[in-house]
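The structure appears below as structure tokens.
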Amino acid sequence: MLSVELRPARPIAHALGGRLCLALVNSVLWRRSAEPIERIGSYAALAGYVRDAGGIDDAALAACEAEAAADPAGARAALERALGLREALFRLFSAVAAGASPDGADVAALDRSFRAGMRQLRVGADLRPGWTGLDVPTWEAATDAVAVLGSTDGPPLKQCPGETCGWLFVDESRNHSRQWCDSRMCGNRARARRHYRKQREQVG
């Protein structure tokens with residue numbers, strides 16, 4: 001099999017996980033809680049979220065929104081594909097962060113999205129490759145995921161150990177010592193729990 005080198009995964013906001021594919025995965029807040037929070041409830045929310053994360057520009061967002069308005073059923077189907085990829089990526093990246101082998105079904109889901117995007121890639125008038133259509137947000141995330149997973153010298157992938165969290169991120173700290181999604185949130189909660197348990201043990 002020939003080796004294909006993709007463009008490097010594009011860094012994005014630290015607060016979203018550091019890479020576009022992780023931002024998509026992290027669009028569910030408090031995954032491990034009894035009541036996770038869904039941030040993508042519609043196609044418009046999907047396209048807007050990916051734009052805000054740096055995955056598409058304003059022109060691509062406008063094109064997605066116009067096509068969604070003209071084809072609501074197609075937009076719903078595209079949303080389902082995006083969310084299906086998101087859940088596969090969550091399980092896949094969680095396994096990689098834990099040093100485990102990812103499930104073959106999740107790898108296959110990423111492969112399907114990636115290959116679908118590659119088939120639709122076109123060279124534009126500016127001589128740069130790109131996509132059009134309702135699946136652009138999904139294809140951008142899939143391509144970014146393949147670049148992250150295929151990198152041999154990138155920063156380590158980690159998952160927040162918070163009891164109700166599960167946030168995924170690339171650790172770009174100087175010594176790769178970052179542990180939490182946010183030390184002020186899950187980090188503080190963990191420290192508070194340890195303090196509480198220690199006090200209970202001393203009283204007991």
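If you're wondering about the labels, chains in the structure tokens are A, B, ... by order shown, residues count from 1 in each chain, ligands from 1 in order shown.
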
Sorted per-residue table, segment 49-94 of chain A near segment 22-27 of chain A, closest atoms and distance, 7 Å, only C-alpha atoms, as CSV:
```
residue,atom,partner,partner_atom,distance
A:Ala53,CA,A:Ala23,CA,6.8
A:Arg86,CA,A:Val25,CA,5.3
A:Leu89,CA,A:Val25,CA,6.6
A:Phe90,CA,A:Val25,CA,5.6
```

Requested in this report: Name all residues at most 12 Å from Ala69 of chain A (count only C-alpha atoms; drop same-chain ones fewer than 5 positions away) and give them as a ChimeraX atom specification.
Outcome: /A:43-44,62-64,74-76,134

Can you write just those residues out, all heavy atoms, as a compact mmCIF listing (two decimals), in the first residue's frame?
```
# COMPACT_ATOMS: atom_id res chain seq x y z
N TYR A 43 -28.59 20.83 11.83
CA TYR A 43 -27.54 20.99 10.84
C TYR A 43 -26.91 22.38 10.93
O TYR A 43 -25.69 22.53 10.81
CB TYR A 43 -28.05 20.74 9.42
CG TYR A 43 -26.94 20.87 8.41
CD1 TYR A 43 -26.09 19.80 8.16
CD2 TYR A 43 -26.69 22.08 7.76
CE1 TYR A 43 -25.02 19.92 7.29
CE2 TYR A 43 -25.62 22.22 6.89
CZ TYR A 43 -24.79 21.14 6.66
OH TYR A 43 -23.71 21.28 5.81
N ALA A 44 -27.75 23.39 11.14
CA ALA A 44 -27.23 24.75 11.26
C ALA A 44 -26.24 24.85 12.43
O ALA A 44 -25.21 25.52 12.33
CB ALA A 44 -28.38 25.74 11.45
N ALA A 62 -21.86 29.80 4.66
CA ALA A 62 -23.01 30.33 3.93
C ALA A 62 -23.49 29.33 2.87
O ALA A 62 -24.70 29.15 2.68
CB ALA A 62 -22.64 31.66 3.28
N ALA A 63 -22.55 28.67 2.20
CA ALA A 63 -22.92 27.68 1.19
C ALA A 63 -23.63 26.50 1.82
O ALA A 63 -24.63 25.99 1.29
CB ALA A 63 -21.67 27.22 0.43
N CYS A 64 -23.14 26.04 2.98
CA CYS A 64 -23.79 24.93 3.69
C CYS A 64 -25.20 25.31 4.12
O CYS A 64 -26.14 24.52 3.97
CB CYS A 64 -22.95 24.53 4.90
SG CYS A 64 -21.42 23.63 4.52
N GLY A 74 -31.92 16.33 3.11
CA GLY A 74 -30.49 16.08 2.92
C GLY A 74 -29.67 16.59 4.08
O GLY A 74 -28.69 15.96 4.48
N ALA A 75 -30.10 17.74 4.63
CA ALA A 75 -29.39 18.31 5.77
C ALA A 75 -29.52 17.41 6.99
O ALA A 75 -28.55 17.22 7.74
CB ALA A 75 -29.92 19.71 6.07
N ARG A 76 -30.70 16.86 7.20
CA ARG A 76 -30.89 15.94 8.34
C ARG A 76 -30.02 14.69 8.18
O ARG A 76 -29.43 14.20 9.16
CB ARG A 76 -32.37 15.55 8.47
CG ARG A 76 -33.25 16.69 8.99
CD ARG A 76 -34.62 16.18 9.37
NE ARG A 76 -35.37 15.66 8.22
CZ ARG A 76 -36.14 16.42 7.44
NH1 ARG A 76 -36.27 17.71 7.69
NH2 ARG A 76 -36.79 15.88 6.42
N LEU A 134 -23.27 19.38 1.64
CA LEU A 134 -23.70 19.34 3.03
C LEU A 134 -22.75 18.58 3.94
O LEU A 134 -22.77 18.77 5.16
CB LEU A 134 -25.10 18.71 3.11
CG LEU A 134 -26.23 19.56 2.52
CD1 LEU A 134 -27.48 18.73 2.35
CD2 LEU A 134 -26.50 20.78 3.40
```

Query raised in the report: So which residues touch Asp153 of chain A within 12 Å, counting only C-alpha atoms, skipping near sequence neighbours fewer than 4 positions away, as a ChimeraX atom specification?
Result: /A:8-9,147-149,157,172

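With only C-alpha atoms as the basis for measurement, A:Arg19 is the residue among A:Arg19, A:Arg31, A:Arg115, A:Arg10 that approaches Phe169 of chain A most closely.
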
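Remark: for Ile37 of chain A, the closest of the candidate residues A:Ala66, A:Val107, A:Ala116, A:Cys165 is A:Cys165 (distances computed over only C-alpha atoms).
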
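As for atom CA of Trp30 of chain A and atom CA of Cys160 of chain A, they are spaced 10.6 Å apart.
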
Requested in this report: Select from segment 105-188 of chain A everything DSSP, run on the backbone, classes as helix (DSSP H, G or I), then give the selection as an MDAnalysis selection string.
Outcome: chainID A and resid 105:120 136:150 183:188

Requested in this report: Tell me, as number ranges by chain, which residues lie within 8 Å of segment 95-105 of chain A, counting only C-alpha atoms; anything in the same chain fewer than 3 positions away does not count.
Outcome: A: 91-92, 108-109, 157-159

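Of the listed residues (A:Pro137, A:Gly18, A:Gly124, A:Pro129), A:Pro137 comes nearest to Glu65 of chain A; the distances count only C-alpha atoms.
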